[in-house]
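Chemist: My structure is stored as data22.txt, with compact mmCIF, C-alpha atoms.
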# COMPACT_ATOMS: atom_id res chain seq x y z
CA MET A 1 18.15 18.95 -1.90
CA THR A 2 15.02 17.74 -3.66
CA GLN A 3 13.19 20.57 -5.38
CA THR A 4 9.74 20.58 -6.94
CA SER A 5 9.66 21.35 -10.62
CA PRO A 6 7.54 24.26 -11.83
CA THR A 7 4.10 23.50 -13.19
CA PRO A 8 4.41 22.13 -16.72
CA GLY A 9 2.58 23.77 -19.57
CA ALA A 10 -0.43 22.24 -21.24
CA GLY A 11 1.69 20.57 -23.89
CA GLU A 12 4.29 19.12 -21.51
CA THR A 13 4.41 15.93 -19.53
CA PRO A 14 4.41 16.03 -15.72
CA PRO A 15 7.61 15.30 -13.77
CA PRO A 16 8.34 11.86 -12.27
CA PHE A 17 5.92 11.12 -9.44
CA SER A 18 7.49 9.88 -6.21
CA LEU A 19 6.05 9.80 -2.71
CA ALA A 20 9.36 8.77 -1.11
CA GLN A 21 11.85 11.05 -2.86
CA GLY A 22 11.57 14.18 -0.75
CA GLY A 23 10.98 15.64 2.67
CA LEU A 24 13.19 16.68 5.57
CA CYS A 25 14.19 13.12 6.50
CA HIS A 26 15.16 12.28 2.92
CA ARG A 27 17.34 15.40 2.67
CA LEU A 28 18.99 14.58 6.01
CA LEU A 29 19.69 10.99 4.95
CA CYS A 30 21.24 12.29 1.72
CA ARG A 31 23.56 14.59 3.70
CA LEU A 32 24.55 11.71 5.97
CA ARG A 33 25.22 9.60 2.84
CA LEU A 34 22.64 7.06 3.89
CA SER A 35 20.65 7.71 0.73
CA ASP A 36 20.83 9.54 -2.57
CA GLU A 37 18.30 11.44 -4.65
CA ASN A 38 16.94 8.21 -6.17
CA LEU A 39 16.73 6.39 -2.82
CA GLY A 40 19.86 4.36 -3.48
CA LEU A 41 22.21 3.07 -0.74
CA LEU A 42 19.34 1.00 0.62
CA ARG A 43 21.57 -1.64 2.20
CA ARG A 44 23.55 1.04 4.03
CA ARG A 45 20.32 2.57 5.32
CA ILE A 46 18.95 -0.74 6.56
CA VAL A 47 22.20 -1.69 8.30
CA PHE A 48 22.50 1.73 9.98
CA PHE A 49 19.00 1.84 11.46
CA THR A 50 19.03 -1.83 12.42
CA LEU A 51 22.29 -1.35 14.31
CA LEU A 52 21.01 1.89 15.87
CA CYS A 53 17.77 0.39 17.13
CA TRP A 54 18.62 -3.26 17.82
CA LEU A 55 22.35 -3.71 18.49
CA PRO A 56 22.47 -1.50 21.64
CA LEU A 57 19.62 -3.53 23.07
CA LEU A 58 21.60 -6.72 22.49
CA LEU A 59 24.68 -5.24 24.17
CA LEU A 60 22.83 -3.68 27.13
CA THR A 61 20.81 -6.83 27.86
CA THR A 62 24.05 -8.81 27.77
CA LEU A 63 25.56 -6.46 30.38
CA GLU A 64 22.41 -6.51 32.50
CA GLY A 65 22.06 -10.29 32.32
CA THR A 66 18.63 -10.27 30.64
CA LEU A 67 19.79 -11.54 27.26
CA LEU A 68 19.13 -15.18 28.15
CA GLU A 69 17.70 -14.81 31.66
CA LYS A 70 15.44 -17.68 32.66
CA GLY A 71 12.53 -17.74 35.06
CA SER A 72 9.61 -15.34 35.23
CA THR A 73 11.34 -12.66 33.18
CA ILE A 74 10.98 -12.49 29.39
CA ASN A 75 14.56 -12.27 28.15
CA PHE A 76 15.65 -10.29 25.10
CA LEU A 77 16.05 -13.21 22.72
CA GLN A 78 12.63 -14.57 23.69
CA ASP A 79 10.90 -11.28 22.86
CA LEU A 80 9.59 -12.00 19.39
CA GLU A 81 7.93 -8.60 19.07
CA VAL A 82 11.06 -6.51 19.47
CA ASN A 83 13.17 -8.74 17.26
CA ALA A 84 10.52 -8.84 14.57
CA ARG A 85 10.10 -5.07 14.77
CA PHE A 86 13.76 -4.19 14.21
CA LEU A 87 15.11 -7.16 12.27
CA VAL A 88 12.15 -7.63 9.91
CA CYS A 89 9.58 -4.85 10.07
CA LEU A 90 11.92 -1.82 10.07
CA PRO A 91 13.99 -3.13 7.11
CA LEU A 92 10.72 -3.84 5.31
CA LEU A 93 9.53 -0.26 5.82
CA LEU A 94 12.82 1.09 4.44
CA TRP A 95 12.79 -1.29 1.48
CA ALA A 96 9.12 -0.54 0.85
CA GLU A 97 9.97 3.14 0.24
CA ARG A 98 12.39 2.21 -2.54
CA PHE A 99 9.92 -0.34 -3.92
CA MET A 100 7.12 2.24 -3.98
CA HIS A 101 9.40 4.83 -5.59
CA GLN A 102 10.28 2.48 -8.44
CA HIS A 103 6.67 1.44 -9.12
CA MET A 104 5.06 4.88 -9.09
CA ARG A 105 7.42 7.17 -10.98
CA SER A 106 5.38 7.06 -14.20
CA VAL A 107 1.87 7.23 -12.74
CA ALA A 108 1.34 10.93 -13.50
CA HIS A 109 2.88 10.50 -16.96
CA GLU A 110 0.46 7.64 -17.72
CA PHE A 111 -2.58 9.88 -17.20
CA VAL A 112 -1.27 12.27 -19.86
CA GLU A 113 0.28 9.69 -22.20
CA CYS A 114 -2.99 7.71 -22.36
CA ASP A 115 -4.97 10.91 -23.13
CA LEU A 116 -7.10 10.40 -20.06
CA VAL A 117 -6.83 14.07 -19.10
CA PRO A 118 -8.56 16.38 -21.61
CA GLU A 119 -6.44 19.24 -22.90
CA ARG A 120 -8.65 21.81 -21.16
CA ALA A 121 -7.95 20.10 -17.80
CA LEU A 122 -4.19 19.56 -18.21
CA ALA A 123 -3.27 22.68 -16.22
CA ARG A 124 -5.49 21.51 -13.36
CA PHE A 125 -3.94 18.04 -13.47
CA HIS A 126 -0.41 19.49 -13.40
CA ARG A 127 -1.37 21.58 -10.36
CA SER A 128 -2.50 18.41 -8.60
CA VAL A 129 0.86 16.74 -9.31
CA ARG A 130 2.78 19.79 -8.16
CA SER A 131 0.66 20.07 -5.01
CA ALA A 132 1.39 16.44 -4.11
CA MET A 133 5.13 17.02 -4.54
CA GLN A 134 4.96 20.17 -2.41
CA TRP A 135 3.18 18.29 0.36
CA ARG A 136 5.84 15.61 0.12
CA ASP A 137 8.73 18.09 0.30
CA THR A 138 7.47 20.34 3.08
CA ALA A 139 9.33 20.01 6.38
CA TRP A 140 6.69 20.70 9.04
CA PRO A 141 4.78 17.37 8.80
CA GLU A 142 7.84 15.36 9.77
CA GLY A 143 8.46 17.77 12.64
CA VAL A 144 4.91 17.17 13.80
CA ILE A 145 5.49 13.41 13.50
CA VAL A 146 8.52 13.64 15.80
CA ALA A 147 6.48 15.60 18.35
CA MET A 148 3.64 13.08 18.15
CA VAL A 149 6.01 10.12 18.45
CA TYR A 150 7.38 11.38 21.77
CA GLY A 151 4.24 13.11 23.05
CA ILE A 152 1.80 10.30 22.26
CA GLY A 153 3.60 7.30 20.80
CA VAL A 154 6.09 6.81 23.66
CA PHE A 155 4.49 8.26 26.81
CA VAL A 156 0.91 7.16 26.09
CA VAL A 157 0.66 4.35 23.54
CA TRP A 158 3.84 2.47 24.47
CA ASN A 159 4.15 3.05 28.22
CA HIS A 160 0.47 2.51 29.05
CA LEU A 161 -1.03 0.40 26.27
CA LEU A 162 1.59 -1.82 24.62
CA ALA A 163 4.23 -2.53 27.26
CA LEU A 164 3.64 -5.96 28.83
CA ASP A 165 2.56 -5.93 32.47
CA THR A 166 4.99 -8.71 33.38
CA PRO A 167 8.74 -8.80 34.17
CA THR A 168 10.67 -8.34 30.95
CA TRP A 169 14.16 -7.43 29.79
CA TYR A 170 13.08 -3.80 29.37
CA ALA A 171 10.98 -3.16 32.51
CA LYS A 172 9.88 -4.55 35.86
CA PRO A 173 6.34 -3.81 37.10
CA GLY A 174 6.04 -2.21 40.53
CA ALA A 175 3.66 -0.26 42.71
CA GLY A 176 4.51 2.96 40.90
CA GLY A 177 4.24 1.45 37.43
CA LEU A 178 6.93 0.09 35.13
CA SER A 179 10.57 0.59 36.07
CA PHE A 180 12.70 0.58 32.91
CA THR A 181 16.14 -0.99 32.69
CA ARG A 182 18.95 0.75 30.79
CA ALA A 183 18.13 -1.39 27.76
CA GLY A 184 14.48 -0.46 28.26
CA GLN A 185 15.33 3.24 28.31
CA TRP A 186 17.19 2.98 25.00
CA TYR A 187 14.29 0.94 23.65
CA SER A 188 11.63 3.39 24.83
CA TYR A 189 13.29 6.70 24.01
CA LEU A 190 15.26 5.92 20.85
CA SER A 191 14.48 2.58 19.22
CA ILE A 192 10.70 2.83 19.38
CA PRO A 193 10.58 6.53 18.34
CA VAL A 194 12.76 5.81 15.29
CA PHE A 195 10.47 2.96 14.28
CA GLN A 196 7.31 4.96 14.92
CA PHE A 197 8.70 7.88 12.93
CA PHE A 198 9.19 5.76 9.80
CA LEU A 199 5.77 4.18 10.29
CA CYS A 200 4.01 7.54 10.67
CA ARG A 201 6.03 8.92 7.75
CA TRP A 202 4.57 6.13 5.65
CA LEU A 203 1.06 7.08 6.76
CA TRP A 204 1.76 10.69 5.75
CA ARG A 205 2.85 9.55 2.29
CA LEU A 206 -0.33 7.47 1.97
CA LEU A 207 -2.37 10.55 2.88
CA ILE A 208 -0.65 12.50 0.09
CA TRP A 209 -1.42 9.67 -2.34
CA ALA A 210 -5.09 9.56 -1.34
CA ARG A 211 -5.36 13.34 -1.73
CA PHE A 212 -3.77 13.17 -5.20
CA LEU A 213 -6.19 10.46 -6.35
CA TRP A 214 -9.11 12.48 -4.98
CA GLN A 215 -8.04 15.59 -6.89
CA VAL A 216 -7.53 13.66 -10.14
CA SER A 217 -10.89 11.91 -9.72
CA ARG A 218 -12.55 15.35 -9.62
CA ILE A 219 -11.28 16.01 -13.15
CA ARG A 220 -13.62 14.88 -15.92
CA LEU A 221 -11.41 12.17 -17.44
CA SER A 222 -11.70 10.88 -20.99
CA LEU A 223 -12.51 7.28 -20.11
CA VAL A 224 -13.02 4.74 -22.91
CA PRO A 225 -15.81 2.26 -22.02
CA THR A 226 -14.54 -0.33 -24.53
CA HIS A 227 -10.97 -0.31 -23.23
CA PRO A 228 -9.77 -3.92 -22.74
CA ASP A 229 -8.71 -3.26 -19.15
CA ARG A 230 -12.44 -2.86 -18.29
CA VAL A 231 -11.78 0.32 -16.30
CA GLY A 232 -11.83 2.82 -19.14
CA GLY A 233 -8.05 3.00 -19.49
CA LEU A 234 -7.20 3.35 -15.78
CA GLY A 235 -5.80 -0.19 -15.57
CA PHE A 236 -2.27 1.10 -15.01
CA LEU A 237 -3.36 2.19 -11.51
CA ASN A 238 -3.56 -1.50 -10.57
CA ILE A 239 0.26 -1.65 -10.65
CA THR A 240 0.46 1.21 -8.16
CA LEU A 241 -1.44 -0.89 -5.61
CA HIS A 242 1.34 -3.48 -5.86
CA ALA A 243 3.75 -0.73 -4.74
CA PHE A 244 2.20 -0.87 -1.26
CA LEU A 245 2.39 -4.64 -0.72
CA PRO A 246 5.69 -4.47 1.26
CA PHE A 247 4.06 -1.94 3.57
CA ALA A 248 1.14 -4.31 4.18
CA LEU A 249 3.66 -7.10 4.87
CA ALA A 250 5.48 -4.88 7.39
CA ILE A 251 2.26 -4.07 9.26
CA GLY A 252 1.36 -7.76 9.36
CA THR A 253 4.82 -8.55 10.76
CA LEU A 254 4.41 -5.90 13.45
CA LEU A 255 1.07 -7.35 14.56
CA ALA A 256 2.38 -10.94 14.42
CA GLY A 257 5.28 -10.08 16.73
CA HIS A 258 2.98 -8.40 19.25
CA LEU A 259 0.48 -11.26 19.24
CA ALA A 260 3.29 -13.80 19.62
CA ASP A 261 4.35 -12.18 22.90
CA GLU A 262 0.75 -12.03 24.13
CA VAL A 263 0.13 -15.69 23.30
CA LEU A 264 3.45 -17.12 24.48
CA PHE A 265 4.09 -15.01 27.59
CA GLN A 266 0.72 -13.64 28.67
CA GLY A 267 -1.14 -16.91 28.11
CA GLU A 268 -3.74 -15.38 25.83
CA ALA A 269 -5.51 -17.56 23.27
CA LEU A 270 -4.85 -16.55 19.68
CA MET A 271 -8.57 -16.51 18.86
CA THR A 272 -8.96 -13.76 21.45
CA PHE A 273 -7.39 -11.44 18.89
CA LYS A 274 -9.43 -12.52 15.87
CA TYR A 275 -11.28 -9.21 15.75
CA GLY A 276 -8.00 -7.34 16.05
CA ILE A 277 -6.61 -9.31 13.08
CA LEU A 278 -9.75 -8.64 11.05
CA SER A 279 -9.55 -4.95 11.98
CA MET A 280 -5.95 -4.80 10.78
CA VAL A 281 -6.87 -6.39 7.44
CA ALA A 282 -9.86 -4.08 7.07
CA THR A 283 -7.67 -1.07 7.85
CA MET A 284 -5.16 -2.11 5.20
CA LEU A 285 -7.95 -2.40 2.65
CA VAL A 286 -9.37 1.00 3.56
CA VAL A 287 -5.96 2.72 3.52
CA LEU A 288 -4.49 1.04 0.44
CA VAL A 289 -7.53 0.15 -1.69
CA GLY A 290 -10.01 2.76 -0.48
CA PRO A 291 -8.56 5.76 -2.39
CA PHE A 292 -9.13 3.98 -5.71
CA LEU A 293 -12.86 4.11 -5.01
CA PHE A 294 -12.70 7.85 -5.75
CA PHE A 295 -12.87 6.91 -9.44
CA GLY A 296 -16.04 4.88 -8.91
CA PRO A 297 -18.54 7.60 -9.89
CA GLN A 298 -16.73 8.36 -13.16
CA LEU A 299 -16.40 4.68 -14.02
CA TYR A 300 -20.10 4.18 -13.27
CA GLN A 301 -21.04 7.09 -15.53
CA ALA A 302 -18.74 5.83 -18.29
CA ARG A 303 -20.30 2.38 -18.02
CA ARG A 304 -23.83 3.77 -18.20
CA ALA A 305 -22.98 5.95 -21.19
CA GLY A 306 -21.21 3.03 -22.88
CA ILE A 307 -24.15 0.67 -22.36
CA ARG A 308 -26.53 3.28 -23.75
CA GLU A 309 -24.40 4.24 -26.78
CA TYR A 310 -23.11 0.80 -27.71
CA GLY A 311 -26.52 -0.69 -26.98
CA ALA A 312 -28.08 1.66 -29.51
CA LEU A 313 -25.30 0.94 -32.00
CA ALA A 314 -25.73 -2.82 -31.55
CA HIS A 315 -29.49 -2.50 -31.92
CA ASN A 316 -29.23 -0.63 -35.22
CA TYR A 317 -26.49 -2.87 -36.56
CA THR A 318 -28.28 -6.13 -35.76
CA ARG A 319 -31.48 -4.82 -37.35
CA ASN A 320 -29.59 -3.98 -40.54
CA PHE A 321 -27.78 -7.33 -40.35
CA GLU A 322 -31.06 -9.22 -40.12
CA ALA A 323 -32.60 -7.16 -42.90
CA LYS A 324 -29.67 -7.90 -45.19
CA TRP A 325 -28.99 -11.56 -44.41
CA LEU A 326 -32.26 -12.93 -43.03
CA ARG A 327 -35.07 -10.82 -44.53
CA SER A 328 -33.79 -10.54 -48.09
CA GLY A 329 -35.89 -13.39 -49.44
CA GLY A 330 -32.91 -15.72 -49.61
CA ARG A 331 -31.15 -13.68 -52.29
CA MET A 332 -27.56 -12.89 -51.33
CA ASP A 333 -25.26 -10.94 -53.58
CA LYS A 334 -22.20 -11.97 -51.56
CA PRO A 335 -21.23 -15.22 -49.83
CA PHE A 336 -22.16 -15.31 -46.12
CA LEU A 337 -19.05 -17.28 -45.02
CA GLY A 338 -16.17 -14.93 -44.25
CA SER A 339 -18.31 -11.81 -44.66
CA GLU A 340 -17.07 -8.58 -43.06
CA ASP A 341 -20.60 -8.14 -41.67
CA VAL A 342 -20.24 -11.28 -39.55
CA ARG A 343 -16.84 -10.26 -38.22
CA SER A 344 -18.12 -6.77 -37.41
CA LEU A 345 -21.10 -8.26 -35.58
CA ALA A 346 -18.76 -10.44 -33.50
CA ASP A 347 -16.47 -7.48 -32.74
CA LEU A 348 -19.45 -5.37 -31.74
CA GLY A 349 -20.65 -8.14 -29.44
CA ARG A 350 -17.26 -8.29 -27.72
CA SER A 351 -17.27 -4.51 -27.30
CA VAL A 352 -20.70 -4.61 -25.67
CA ASP A 353 -19.47 -7.39 -23.32
CA VAL A 354 -16.45 -5.26 -22.33
CA VAL A 355 -18.66 -2.26 -21.58
CA ASP A 356 -21.10 -4.38 -19.58
CA GLY A 357 -18.20 -5.89 -17.60
CA MET A 358 -16.62 -2.58 -16.58
CA ARG A 359 -15.50 -2.52 -12.95
CA LEU A 360 -16.16 0.40 -10.62
CA ILE A 361 -12.67 0.35 -9.12
CA PRO A 362 -9.43 0.45 -11.17
CA VAL A 363 -7.80 -2.46 -9.33
CA THR A 364 -8.38 -6.17 -9.80
CA ARG A 365 -9.69 -8.68 -7.27
CA GLU A 366 -6.35 -10.48 -7.52
CA SER A 367 -4.50 -7.34 -6.39
CA ILE A 368 -6.91 -6.81 -3.50
CA LEU A 369 -6.36 -10.43 -2.49
CA LEU A 370 -2.59 -9.80 -2.55
CA VAL A 371 -3.08 -6.96 -0.04
CA VAL A 372 -5.00 -9.31 2.26
CA LEU A 373 -2.46 -12.12 1.92
CA SER A 374 0.47 -9.74 2.49
CA SER A 375 -1.19 -8.51 5.68
CA ILE A 376 -1.87 -11.94 7.17
CA ALA A 377 1.13 -13.90 5.81
CA PRO A 378 3.35 -13.09 8.86
CA LEU A 379 0.62 -14.54 11.09
CA ALA A 380 0.86 -17.96 9.45
CA PRO A 381 3.55 -19.40 11.79
CA LEU A 382 1.56 -18.23 14.80
CA LEU A 383 -1.63 -19.80 13.47
CA VAL A 384 0.17 -23.08 12.83
CA SER A 385 1.77 -23.09 16.29
CA ALA A 386 -1.59 -22.42 17.96
CA MET A 387 -3.35 -25.23 16.10
CA PRO A 388 -3.27 -28.70 17.70
CA THR A 389 -0.98 -31.09 15.85
CA ASP A 390 -3.74 -33.66 15.24
CA SER A 391 -6.05 -31.01 13.82
CA LEU A 392 -3.28 -29.63 11.62
CA VAL A 393 -2.47 -33.10 10.20
CA ASP A 394 -6.17 -33.81 9.56
CA ARG A 395 -6.56 -30.53 7.65
CA LEU A 396 -3.46 -31.12 5.57
CA VAL A 397 -4.64 -34.61 4.70
CA GLY A 398 -8.04 -33.18 3.83
CA LEU A 399 -6.44 -30.66 1.48
CA MET A 400 -4.38 -33.34 -0.22
CA PHE A 401 -7.25 -35.80 -0.70
Taking this structure as input, can you express it in the form of structure tokens?
Modeler:
Amino acid sequence: MTQTSPTPGAGETPPPFSLAQGGLCHRLLCRLRLSDENLGLLRRRIVFFTLLCWLPLLLLTTLEGTLLEKGSTINFLQDLEVNARFLVCLPLLLWAERFMHQHMRSVAHEFVECDLVPERALARFHRSVRSAMQWRDTAWPEGVIVAMVYGIGVFVVWNHLLALDTPTWYAKPGAGGLSFTRAGQWYSYLSIPVFQFFLCRWLWRLLIWARFLWQVSRIRLSLVPTHPDRVGGLGFLNITLHAFLPFALAIGTLLAGHLADEVLFQGEALMTFKYGILSMVATMLVVLVGPFLFFGPQLYQARRAGIREYGALAHNYTRNFEAKWLRSGGRMDKPFLGSEDVRSLADLGRSVDVVDGMRLIPVTRESILLVVLSSIAPLAPLLVSAMPTDSLVDRLVGLMF
């Protein structure tokens, strides 16, 4: 069982930080030997849940004759959404947990190792780390997720909002609503809840992460305006954003599968969903990038203080430089070429440029672009298929020439 370490003392380093290594589900998977304390056995986990959620659907649709059924019914192999959900998206969510775990273990240690947390605030910082781990390990949130998955996710969202109102392998529409097949019952009451549980579990972990960043941003950090990373020494947080890229890819895959069914079988135009696609990308940016904005006020204050202090230093230094080298009546005791004064002036100029170029968010534009690309990458085949061939060729030629 995963246990939270006691709060470290002021002179100690915090324990490894992991959003995935803990909780009721993690402990259950460890007992079932589908995982270990360090989130190993990933292949076993992926195979187990893929077979649990997808293989029975394949077998039941084969028995019911809807595996390859032609006509007005959408057969199982045609349903891009369900196959993408369990053969691509679910494995991605499971792999993303391991990926996140590996990329974030040292994040709390970095705050202390880089002396960003003043000694007087170390106890408060350690409490924030311990609180995040306690939220991760507590059992009731995952129990609430299970209740929500069946109470809202299945009976409301799936049955009334997402299920296609056309004959499919999982249900036939009738006067009294959808009538589910045996494959549809397995799909509705086991496969979908398992998928929704892991998805909502991810959202819970992201909430813990946002809360942790908020608490740390309330601590008066020792930011260095002249730090080369241009975020006062918080540049290591940029790597933590990369830890969530597989999650963004999984969400994009989920949306791509749903839109594929709408376009291919409901006759909807892809551009009908342009606002939905933009909303998904915006949501990913808010959820994944938004919490880093908590450090904006401190970075802004550090930049202002740096501009004021280094501006005054540069002003005094350049005045003395001019007085020595330009206002001395042409008499120089030392050679100008190779002088330490010139090198110091150049170094001071670079420091002022670094301070002036400080960003207000500790992630780079390249990393934010990666979040966007990861979200929309699964939509690329759908966009290509919806584009007329002549138009596609013209655009490719235009890009080449």
Chemist: Quick one: distance from atom CA of A:Phe295 to atom CA of A:Val281 in Å, one decimal?
Modeler: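 Result for atom CA of A:Phe295 versus atom CA of A:Val281: 22.3 Å, one decimal.
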Chemist: Could you state the separation of atom CA of A:Gly306 and atom CA of A:Val355 in Å, given to one decimal place?
Modeler: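 Those two atoms sit 6.0 Å apart.
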Chemist: Could you check how far atom CA of A:Ala84 sits from atom CA of A:Leu28, in Å to one decimal?
Modeler: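 Computed distance, atom CA of A:Ala84 to atom CA of A:Leu28, equals 26.3 Å.
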Chemist: List the neighbours of A:Val263 out to 10 Å using only C-alpha atoms; skip same-chain residues closer than 6 positions along the sequence, and give me the result as a ChimeraX atom specification.
Modeler: /A:269-273,382,386
Chemist: So which residues touch stretch 193-196 of chain A within 9 Å, counting only C-alpha atoms, skipping near sequence neighbours fewer than 5 positions away, as a list in words?
Modeler: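 Listed by chain and then number, they are Phe49, Cys53, Arg85, Phe86, Cys89, Leu90, Ile145, Val146, Val149, Tyr150, Gly153, Val154, Tyr187, Ser188 and Arg201 of chain A.
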Chemist: Neighbouring residues of stretch 92-105 of chain A were defined as those with any atom within 9 Å, considering only C-alpha atoms; residues of the same chain fewer than 4 positions away were excluded. Please report them as a PDB file with C-alpha atoms, in the coordinates of the input.
Modeler:
ATOM      1  CA  PRO A  15       7.610  15.300 -13.770  1.00  0.00           C
ATOM      2  CA  PRO A  16       8.340  11.860 -12.270  1.00  0.00           C
ATOM      3  CA  PHE A  17       5.920  11.120  -9.440  1.00  0.00           C
ATOM      4  CA  SER A  18       7.490   9.880  -6.210  1.00  0.00           C
ATOM      5  CA  LEU A  19       6.050   9.800  -2.710  1.00  0.00           C
ATOM      6  CA  ALA A  20       9.360   8.770  -1.110  1.00  0.00           C
ATOM      7  CA  GLN A  21      11.850  11.050  -2.860  1.00  0.00           C
ATOM      8  CA  ASN A  38      16.940   8.210  -6.170  1.00  0.00           C
ATOM      9  CA  LEU A  39      16.730   6.390  -2.820  1.00  0.00           C
ATOM     10  CA  GLY A  40      19.860   4.360  -3.480  1.00  0.00           C
ATOM     11  CA  LEU A  42      19.340   1.000   0.620  1.00  0.00           C
ATOM     12  CA  ARG A  43      21.570  -1.640   2.200  1.00  0.00           C
ATOM     13  CA  ARG A  45      20.320   2.570   5.320  1.00  0.00           C
ATOM     14  CA  ILE A  46      18.950  -0.740   6.560  1.00  0.00           C
ATOM     15  CA  LEU A  87      15.110  -7.160  12.270  1.00  0.00           C
ATOM     16  CA  VAL A  88      12.150  -7.630   9.910  1.00  0.00           C
ATOM     17  CA  HIS A 109       2.880  10.500 -16.960  1.00  0.00           C
ATOM     18  CA  PHE A 198       9.190   5.760   9.800  1.00  0.00           C
ATOM     19  CA  LEU A 199       5.770   4.180  10.290  1.00  0.00           C
ATOM     20  CA  TRP A 202       4.570   6.130   5.650  1.00  0.00           C
ATOM     21  CA  ILE A 239       0.260  -1.650 -10.650  1.00  0.00           C
ATOM     22  CA  THR A 240       0.460   1.210  -8.160  1.00  0.00           C
ATOM     23  CA  HIS A 242       1.340  -3.480  -5.860  1.00  0.00           C
ATOM     24  CA  ALA A 243       3.750  -0.730  -4.740  1.00  0.00           C
ATOM     25  CA  PHE A 244       2.200  -0.870  -1.260  1.00  0.00           C
ATOM     26  CA  LEU A 245       2.390  -4.640  -0.720  1.00  0.00           C
ATOM     27  CA  PRO A 246       5.690  -4.470   1.260  1.00  0.00           C
ATOM     28  CA  PHE A 247       4.060  -1.940   3.570  1.00  0.00           C
ATOM     29  CA  LEU A 249       3.660  -7.100   4.870  1.00  0.00           C
ATOM     30  CA  ALA A 250       5.480  -4.880   7.390  1.00  0.00           C
ATOM     31  CA  ILE A 251       2.260  -4.070   9.260  1.00  0.00           C
TER      32      ILE A 251
END
Chemist: Which one of A:Val144, A:Cys200, A:Leu213, A:Ala183 sits closest to A:Ala171 if you count all atoms listed in the file?
Modeler: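 Under the stated criterion, the closest residue is A:Ala183.
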Chemist: Compare A:Leu116, A:Leu293, A:Met284, A:Leu241 by their minimum atom-to-atom distance to A:Glu366, counting all atoms listed in the file, and give me the closest one.
Modeler: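 Between A:Leu116, A:Leu293, A:Met284, A:Leu241, the residue approaching A:Glu366 most closely is A:Leu241.
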Chemist: Could you tell me, as a PyMOL selection string, which residues have any atom at most 7 Å from (-4.4, 1.3, -15.0), counting all atoms listed in the file?
Modeler: chain A and resi 233-238+362
Chemist: Between A:Arg33, A:Arg303, A:Arg44, A:Arg359, which one has atoms that come closest to A:Leu223, using only C-alpha atoms?
Modeler: A:Arg303
Chemist: Pick out the closest residue to A:Asp115 from this set: A:Leu221, A:Val289, A:Ala380, A:Val371. Count all atoms listed in the file.
Modeler: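 Among A:Leu221, A:Val289, A:Ala380, A:Val371, it is A:Leu221 that comes nearest to A:Asp115.
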